[in-house]
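For reference, run_20.pdb is printed below; it contains PDB, C-alpha atoms.
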ATOM      1  CA  MET U 286     -17.285  10.235  -0.038
ATOM      2  CA  THR U 287     -19.822   8.390   2.095
ATOM      3  CA  SER U 288     -20.960   5.848  -0.484
ATOM      4  CA  HIS U 289     -19.883   2.426   0.737
ATOM      5  CA  PHE U 290     -19.683   1.076  -2.801
ATOM      6  CA  PHE U 291     -17.606   4.014  -4.033
ATOM      7  CA  LEU U 292     -15.163   3.580  -1.148
ATOM      8  CA  LEU U 293     -14.987  -0.144  -1.852
ATOM      9  CA  VAL U 294     -14.176   0.554  -5.517
ATOM     10  CA  LEU U 295     -11.577   3.162  -4.519
ATOM     11  CA  PHE U 296      -9.930   0.771  -2.072
ATOM     12  CA  ALA U 297      -9.956  -2.066  -4.611
ATOM     13  CA  PHE U 298      -8.429   0.245  -7.226
ATOM     14  CA  PHE U 299      -5.485   1.252  -5.051
ATOM     15  CA  VAL U 300      -4.761  -2.208  -3.673
ATOM     16  CA  SER U 301      -4.979  -3.920  -7.064
ATOM     17  CA  THR U 302      -2.811  -1.215  -8.649
ATOM     18  CA  VAL U 303      -0.063  -1.676  -6.049
ATOM     19  CA  PHE U 304      -0.243  -5.481  -6.204
ATOM     20  CA  GLY U 305      -0.300  -5.527 -10.002
ATOM     21  CA  VAL U 306       2.812  -3.360 -10.185
ATOM     22  CA  LEU U 307       4.514  -5.203  -7.335
ATOM     23  CA  LEU U 308       3.952  -8.710  -8.667
ATOM     24  CA  ARG U 309       4.723  -8.241 -12.364
ATOM     25  CA  ASP U 310       7.549  -6.597 -14.275
ATOM     26  CA  GLU U 311       6.081  -5.946 -17.700
ATOM     27  CA  PRO U 312       3.530  -3.101 -17.990
ATOM     28  CA  ARG U 313       1.082  -5.256 -19.956
ATOM     29  CA  GLN U 314       1.205  -8.012 -17.323
ATOM     30  CA  GLN U 315       0.902  -5.432 -14.552
ATOM     31  CA  LEU U 316      -2.227  -4.029 -16.159
ATOM     32  CA  ARG U 317      -3.702  -7.488 -16.609
ATOM     33  CA  THR U 318      -2.940  -8.622 -13.057
ATOM     34  CA  GLY U 319      -4.267  -5.356 -11.640
ATOM     35  CA  ALA U 320      -7.450  -5.576 -13.702
ATOM     36  CA  VAL U 321      -8.086  -9.216 -12.738
ATOM     37  CA  MET U 322      -7.504  -8.415  -9.085
ATOM     38  CA  PHE U 323      -9.737  -5.340  -9.256
ATOM     39  CA  GLY U 324     -12.508  -7.366 -10.890
ATOM     40  CA  GLY U 325     -12.057 -10.056  -8.257
ATOM     41  CA  PHE U 326     -12.407  -7.540  -5.449
ATOM     42  CA  ILE U 327     -15.601  -6.066  -6.868
ATOM     43  CA  ALA U 328     -17.156  -9.403  -7.833
ATOM     44  CA  THR U 329     -16.379 -10.936  -4.427
ATOM     45  CA  ALA U 330     -17.833  -7.938  -2.612
ATOM     46  CA  LEU U 331     -21.038  -8.069  -4.672
ATOM     47  CA  VAL U 332     -21.445 -11.838  -4.257
ATOM     48  CA  LEU U 333     -20.784 -11.713  -0.507
ATOM     49  CA  GLY U 334     -23.082  -8.705  -0.198
ATOM     50  CA  TRP U 335     -25.961 -10.566  -1.865
ATOM     51  CA  LEU U 336     -25.256 -13.736   0.130
ATOM     52  CA  MET U 337     -25.507 -11.731   3.350
ATOM     53  CA  TYR U 338     -28.610  -9.866   2.201
ATOM     54  CA  PRO U 339     -31.174 -12.278   3.767
ATOM     55  CA  PHE U 340     -29.508 -12.146   7.165
ATOM     56  CA  PRO U 341     -30.569  -9.441   9.597
ATOM     57  CA  LEU U 342     -27.845  -7.244  11.124
TER      58      LEU U 342
ATOM     59  CA  MET J  30      15.316  -4.370 -33.280
ATOM     60  CA  THR J  31      15.127  -4.122 -29.497
ATOM     61  CA  THR J  32      14.359  -6.967 -27.161
ATOM     62  CA  LYS J  33      12.704  -6.517 -23.797
ATOM     63  CA  LEU J  34      14.548  -7.780 -20.744
ATOM     64  CA  THR J  35      12.632 -10.096 -18.480
ATOM     65  CA  ALA J  36      13.251 -10.191 -14.728
ATOM     66  CA  ALA J  37      15.421 -13.276 -15.200
ATOM     67  CA  ASP J  38      17.583 -11.498 -17.801
ATOM     68  CA  ARG J  39      18.194  -8.423 -15.701
ATOM     69  CA  PRO J  40      21.625  -8.025 -14.148
ATOM     70  CA  ARG J  41      21.605  -9.179 -10.557
ATOM     71  CA  ALA J  42      22.047  -6.313  -8.133
ATOM     72  CA  VAL J  43      23.970  -7.134  -5.004
ATOM     73  CA  VAL J  44      24.233  -4.311  -2.522
ATOM     74  CA  GLU J  45      26.516  -3.925   0.506
ATOM     75  CA  PRO J  46      24.839  -4.521   3.910
ATOM     76  CA  GLY J  47      25.210  -0.859   4.937
ATOM     77  CA  THR J  48      23.657   0.293   1.706
ATOM     78  CA  LEU J  49      20.858  -2.251   2.188
ATOM     79  CA  VAL J  50      19.922  -0.638   5.503
ATOM     80  CA  LEU J  51      19.925   2.793   3.879
ATOM     81  CA  LEU J  52      17.857   1.459   0.986
ATOM     82  CA  CYS J  53      15.254  -0.004   3.340
ATOM     83  CA  LEU J  54      15.143   3.224   5.353
ATOM     84  CA  ALA J  55      14.694   5.256   2.176
ATOM     85  CA  ALA J  56      12.021   2.825   0.968
ATOM     86  CA  TRP J  57      10.182   3.236   4.288
ATOM     87  CA  LEU J  58      10.502   7.008   4.384
ATOM     88  CA  VAL J  59       9.423   7.654   0.790
ATOM     89  CA  PRO J  60       7.213   4.940  -0.724
ATOM     90  CA  GLY J  61       8.900   3.750  -3.918
ATOM     91  CA  ALA J  62      12.310   5.276  -3.115
ATOM     92  CA  GLY J  63      13.870   1.814  -2.853
ATOM     93  CA  HIS J  64      12.692   0.871  -6.326
ATOM     94  CA  TRP J  65      13.821   4.240  -7.695
ATOM     95  CA  TRP J  66      17.245   3.598  -6.169
ATOM     96  CA  MET J  67      17.396   0.184  -7.842
ATOM     97  CA  GLY J  68      16.475   1.681 -11.201
ATOM     98  CA  ARG J  69      12.865   0.495 -11.329
ATOM     99  CA  ARG J  70      11.481   3.940 -11.950
ATOM    100  CA  GLN J  71       8.057   2.963 -13.307
ATOM    101  CA  LYS J  72       7.246   0.918 -10.214
ATOM    102  CA  ALA J  73       8.631   3.648  -7.951
ATOM    103  CA  ILE J  74       6.355   6.305  -9.455
ATOM    104  CA  VAL J  75       3.247   4.133  -9.044
ATOM    105  CA  PHE J  76       4.096   3.432  -5.384
ATOM    106  CA  LEU J  77       4.933   7.072  -4.751
ATOM    107  CA  LEU J  78       1.534   8.135  -6.083
ATOM    108  CA  ALA J  79      -0.677   5.320  -4.784
ATOM    109  CA  LEU J  80       0.498   4.789  -1.205
ATOM    110  CA  PRO J  81       0.538   8.398   0.058
ATOM    111  CA  ALA J  82      -2.782   8.908  -1.765
ATOM    112  CA  MET J  83      -4.275   5.996   0.184
ATOM    113  CA  PHE J  84      -2.955   7.456   3.422
ATOM    114  CA  ALA J  85      -4.367  10.897   2.569
ATOM    115  CA  ILE J  86      -7.754   9.401   1.690
ATOM    116  CA  GLY J  87      -7.719   7.600   5.035
ATOM    117  CA  LEU J  88      -7.233  10.923   6.801
ATOM    118  CA  VAL J  89      -9.951  12.605   4.739
ATOM    119  CA  LEU J  90     -12.296   9.773   5.746
ATOM    120  CA  HIS J  91     -11.639  10.662   9.424
ATOM    121  CA  GLY J  92      -9.520   7.598  10.073
ATOM    122  CA  ARG J  93      -7.272   7.502  13.117
ATOM    123  CA  VAL J  94      -3.496   7.305  13.220
ATOM    124  CA  PHE J  95      -3.251   4.980  16.196
ATOM    125  CA  PRO J  96      -0.925   5.543  19.164
ATOM    126  CA  PHE J  97       1.605   2.915  20.238
ATOM    127  CA  GLU J  98      -0.502   1.446  23.052
ATOM    128  CA  PHE J  99       0.450  -2.189  23.337
ATOM    129  CA  SER J 100      -1.777  -2.670  26.384
ATOM    130  CA  GLU J 101      -4.464  -2.930  23.699
ATOM    131  CA  PRO J 102      -2.873  -5.282  21.152
ATOM    132  CA  LEU J 103      -5.070  -4.316  18.195
ATOM    133  CA  VAL J 104      -4.355  -0.621  18.738
ATOM    134  CA  GLY J 105      -0.630  -1.363  18.977
ATOM    135  CA  LEU J 106      -0.662  -3.437  15.790
ATOM    136  CA  ALA J 107      -2.638  -0.756  13.955
ATOM    137  CA  ALA J 108      -0.060   1.797  15.139
ATOM    138  CA  VAL J 109       2.744  -0.335  13.695
ATOM    139  CA  ALA J 110       0.862  -0.608  10.398
ATOM    140  CA  ASN J 111       0.350   3.182  10.354
ATOM    141  CA  PHE J 112       4.022   3.747  11.147
ATOM    142  CA  LEU J 113       5.067   1.626   8.147
ATOM    143  CA  ALA J 114       3.581   4.240   5.813
ATOM    144  CA  GLY J 115       6.739   6.340   6.317
ATOM    145  CA  ALA J 116       6.746  10.053   5.497
ATOM    146  CA  PRO J 117       2.942  10.428   5.449
ATOM    147  CA  TRP J 118       2.865   9.060   9.013
ATOM    148  CA  ILE J 119       5.690  11.396  10.124
ATOM    149  CA  LEU J 120       3.958  14.394   8.540
ATOM    150  CA  THR J 121       0.645  13.517  10.160
ATOM    151  CA  ARG J 122       2.219  13.134  13.598
ATOM    152  CA  PHE J 123       4.239  16.316  13.116
ATOM    153  CA  LEU J 124       1.135  18.298  12.154
ATOM    154  CA  ASP J 125      -0.799  16.726  15.036
ATOM    155  CA  GLY J 126      -3.375  15.195  12.690
ATOM    156  CA  GLY J 127      -5.016  11.823  12.404
ATOM    157  CA  HIS J 128      -7.072  11.976  15.596
ATOM    158  CA  GLY J 129      -9.962  10.300  13.827
ATOM    159  CA  MET J 130     -13.648  10.861  14.399
ATOM    160  CA  VAL J 131     -15.303   7.750  15.801
ATOM    161  CA  THR J 132     -18.767   9.118  15.088
ATOM    162  CA  ALA J 133     -18.040   9.639  11.389
ATOM    163  CA  VAL J 134     -19.719   7.096   9.119
ATOM    164  CA  THR J 135     -16.445   6.668   7.239
ATOM    165  CA  TYR J 136     -14.269   6.162  10.355
ATOM    166  CA  GLU J 137     -13.667   2.444   9.787
ATOM    167  CA  TYR J 138     -13.059   2.974   6.078
ATOM    168  CA  GLY J 139     -10.504   5.641   6.953
ATOM    169  CA  ASN J 140      -8.741   3.256   9.335
ATOM    170  CA  CYS J 141      -8.752   0.605   6.638
ATOM    171  CA  PHE J 142      -7.103   2.943   4.116
ATOM    172  CA  LEU J 143      -4.512   4.137   6.667
ATOM    173  CA  ILE J 144      -3.583   0.649   7.866
ATOM    174  CA  VAL J 145      -3.472  -0.955   4.419
ATOM    175  CA  SER J 146      -1.386   1.919   3.072
ATOM    176  CA  GLY J 147       1.282   1.130   5.693
ATOM    177  CA  LEU J 148       1.110  -2.623   5.150
ATOM    178  CA  LEU J 149       1.413  -2.242   1.378
ATOM    179  CA  ASN J 150       4.429   0.002   1.896
ATOM    180  CA  PHE J 151       5.959  -2.772   3.990
ATOM    181  CA  LEU J 152       5.510  -5.184   1.059
ATOM    182  CA  VAL J 153       7.094  -2.580  -1.214
ATOM    183  CA  ILE J 154      10.081  -2.300   1.167
ATOM    184  CA  LEU J 155      10.481  -6.090   1.158
ATOM    185  CA  ASP J 156      10.296  -6.128  -2.646
ATOM    186  CA  ALA J 157      12.981  -3.420  -2.877
ATOM    187  CA  TYR J 158      15.118  -5.500  -0.497
ATOM    188  CA  ASP J 159      14.665  -8.585  -2.688
ATOM    189  CA  VAL J 160      15.663  -6.604  -5.763
ATOM    190  CA  ALA J 161      18.724  -5.231  -3.955
ATOM    191  CA  VAL J 162      19.987  -8.648  -2.860
ATOM    192  CA  GLY J 163      19.401 -10.078  -6.321
ATOM    193  CA  ARG J 164      16.450 -12.331  -5.574
ATOM    194  CA  LYS J 165      14.232 -10.601  -8.148
TER     195      LYS J 165
END
Please express what this file holds, its structure, as structure tokens.
Amino acid sequence: MTSHFFLLVLFAFFVSTVFGVLLRDEPRQQLRTGAVMFGGFIATALVLGWLMYPFPL
Amino acid sequence: MTTKLTAADRPRAVVEPGTLVLLCLAAWLVPGAGHWWMGRRQKAIVFLLALPAMFAIGLVLHGRVFPFEFSEPLVGLAAVANFLAGAPWILTRFLDGGHGMVTAVTYEYGNCFLIVSGLLNFLVILDAYDVAVGRK
């Protein structure tokens, strides 16, 4: 449970699940919205992570 | 042949003000209870599973359930967010848990899970309110 990436994925999973279910009424739309949001979370984190890579802490 | 009802086709639920307060209290106490009350069982089950799970993961990650100290605004706001989680917050306070471990590598992640769990539950309460007054 100390992997930063695993925790990021776990967090993204829960948040996108809740938002997907909250924002849409039909199960298919909920799944789609949740999946898009989940992908967005992960992709954004990876892109921002690589963009910050050259900078020292 | 059956046709699926869209949100617009659903009968509008209009609840008495007293019942609305009870509904919001129930929705705060048990994540998803408001949706269950309004007949949206599938949503209620997802909220009931996801939000307490997030809170529990936050505790496992050594996150802190913040005290209501408004002399430090961020601590006070985090405490409000924690409080919004409902029953998981009550249970944690009752069992004297959630002290957090600042030295743990996952401390900030734990806080993040705990705070976001409460804030998401707040959105769920607002959604249940909207359903109850017929806005959704």
Under the rule of at most 12 Å, produce a per-residue listing of chain U near chain J: chain, number, name, the closest pair of atoms, and the distance in Å, as a tab-separated table, using all atoms listed in the file.
residue	atom	partner	partner_atom	distance
U:Met286	CA	J:Leu90	CA	7.7
U:Thr287	CA	J:Thr135	CA	6.4
U:Ser288	CA	J:Thr135	CA	9.0
U:His289	CA	J:Thr135	CA	8.5
U:Phe290	CA	J:Tyr138	CA	11.2
U:Phe291	CA	J:Tyr138	CA	11.1
U:Leu292	CA	J:Tyr138	CA	7.6
U:Leu293	CA	J:Tyr138	CA	8.7
U:Val294	CA	J:Tyr138	CA	11.9
U:Leu295	CA	J:Met83	CA	9.1
U:Phe296	CA	J:Phe142	CA	7.1
U:Ala297	CA	J:Phe142	CA	10.5
U:Phe298	CA	J:Ala79	CA	9.6
U:Phe299	CA	J:Ala79	CA	6.3
U:Val300	CA	J:Leu149	CA	8.0
U:Ser301	CA	J:Ala79	CA	10.4
U:Thr302	CA	J:Ala79	CA	7.9
U:Val303	CA	J:Phe76	CA	6.6
U:Phe304	CA	J:Leu149	CA	8.4
U:Gly305	CA	J:Lys72	CA	9.9
U:Val306	CA	J:Lys72	CA	6.2
U:Leu307	CA	J:Val153	CA	7.1
U:Leu308	CA	J:Asp156	CA	9.1
U:Arg309	CA	J:Ala36	CA	9.1
U:Asp310	CA	J:Ala36	CA	6.8
U:Glu311	CA	J:Thr35	CA	7.8
U:Pro312	CA	J:Gln71	CA	8.9
U:Gln314	CA	J:Thr35	CA	11.7
U:Gln315	CA	J:Lys72	CA	10.0
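Note that the spacing between atom CA of J:Gly61 and atom CA of J:Tyr136 amounts to 27.3 Å.
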Mind giving me the axis-aligned box for stretch 297-308 of chain U with 3 Å on every side, centre plus edges in Å to one decimal, as lines of an AutoDock Vina configuration file?
center_x = -2.7
center_y = -3.7
center_z = -6.9
size_x = 20.5
size_y = 16.0
size_z = 12.5
Atomic distance atom CA of J:Gly147 - atom CA of J:Ala116, expressed in Å with one decimal =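 About the pair atom CA of J:Gly147 and atom CA of J:Ala116: they are 10.5 Å apart.
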note = Expressed in Å, the length from atom CA of J:Ala85 to atom CA of J:Met67 is 26.4 Å
request  = Considering only C-alpha atoms, return as a list of chain:residue names whatever protein or nucleic-acid residues lie within 10 Å of stretch 125-132 of chain J, sequence-local ones (same chain, fewer than 6 positions apart) excluded.
outcome  =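 Listing them by chain and then by number gives J:Ala85, J:Gly87, J:Leu88, J:Val89, J:Leu90, J:His91, J:Gly92, J:Arg93, J:Val94, J:Phe95, J:Pro96, J:Trp118, J:Ile119, J:Gly139, J:Asn140, J:Leu143.
The protein and nucleic acid residues lying at most 10 Å from J:Val109 are Val94, Phe95, Pro96, Phe97, Leu103, Val104, Gly105, Leu106, Ala107, Asn111, Phe112, Leu113, Ala114, Ile144, Gly147 and Leu148 of chain J, with all atoms listed in the file considered and sequence neighbours fewer than 2 positions away removed.
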Taking only C-alpha atoms, show chain U of the given structure as a compact mmCIF listing (two decimals), in the first residue's frame.
# COMPACT_ATOMS: atom_id res chain seq x y z
CA MET U 286 0.00 0.00 0.00
CA THR U 287 2.95 2.37 -0.29
CA SER U 288 3.14 2.54 -4.08
CA HIS U 289 2.29 6.08 -5.11
CA PHE U 290 0.99 4.93 -8.48
CA PHE U 291 -1.20 2.22 -6.96
CA LEU U 292 -2.71 4.72 -4.52
CA LEU U 293 -3.28 7.16 -7.37
CA VAL U 294 -5.09 4.46 -9.36
CA LEU U 295 -7.14 3.47 -6.30
CA PHE U 296 -8.13 7.07 -5.63
CA ALA U 297 -9.00 7.66 -9.29
CA PHE U 298 -11.10 4.48 -9.31
CA PHE U 299 -13.22 5.51 -6.33
CA VAL U 300 -13.69 9.13 -7.36
CA SER U 301 -14.57 8.28 -10.97
CA THR U 302 -16.96 5.54 -9.82
CA VAL U 303 -18.84 7.93 -7.53
CA PHE U 304 -18.92 10.72 -10.12
CA GLY U 305 -19.98 8.38 -12.92
CA VAL U 306 -22.89 7.06 -10.86
CA LEU U 307 -23.78 10.51 -9.54
CA LEU U 308 -23.82 12.28 -12.89
CA ARG U 309 -25.61 9.73 -15.07
CA ASP U 310 -28.78 7.69 -14.67
CA GLU U 311 -28.35 4.83 -17.11
CA PRO U 312 -25.85 2.09 -16.15
CA ARG U 313 -24.20 2.15 -19.59
CA GLN U 314 -23.70 5.93 -19.41
CA GLN U 315 -22.46 5.64 -15.84
CA LEU U 316 -19.87 3.09 -16.91
CA ARG U 317 -18.78 5.24 -19.83
CA THR U 318 -18.52 8.44 -17.79
CA GLY U 319 -16.66 6.63 -15.02
CA ALA U 320 -14.24 5.04 -17.47
CA VAL U 321 -13.55 8.33 -19.27
CA MET U 322 -12.99 10.09 -15.96
CA PHE U 323 -10.74 7.29 -14.69
CA GLY U 324 -8.69 7.41 -17.89
CA GLY U 325 -8.49 11.19 -17.59
CA PHE U 326 -7.20 10.96 -14.04
CA ILE U 327 -4.49 8.47 -14.94
CA ALA U 328 -3.46 10.19 -18.18
CA THR U 329 -3.29 13.61 -16.50
CA ALA U 330 -1.21 12.23 -13.64
CA LEU U 331 1.24 10.57 -16.04
CA VAL U 332 1.55 13.65 -18.26
CA LEU U 333 2.02 16.00 -15.30
CA GLY U 334 4.47 13.55 -13.74
CA TRP U 335 6.63 13.50 -16.88
CA LEU U 336 6.37 17.28 -17.29
CA MET U 337 7.66 17.72 -13.74
CA TYR U 338 10.39 15.12 -14.18
CA PRO U 339 13.16 17.56 -15.25
CA PHE U 340 12.58 19.83 -12.28
CA PRO U 341 14.45 19.12 -9.06
CA LEU U 342 12.41 18.80 -5.85
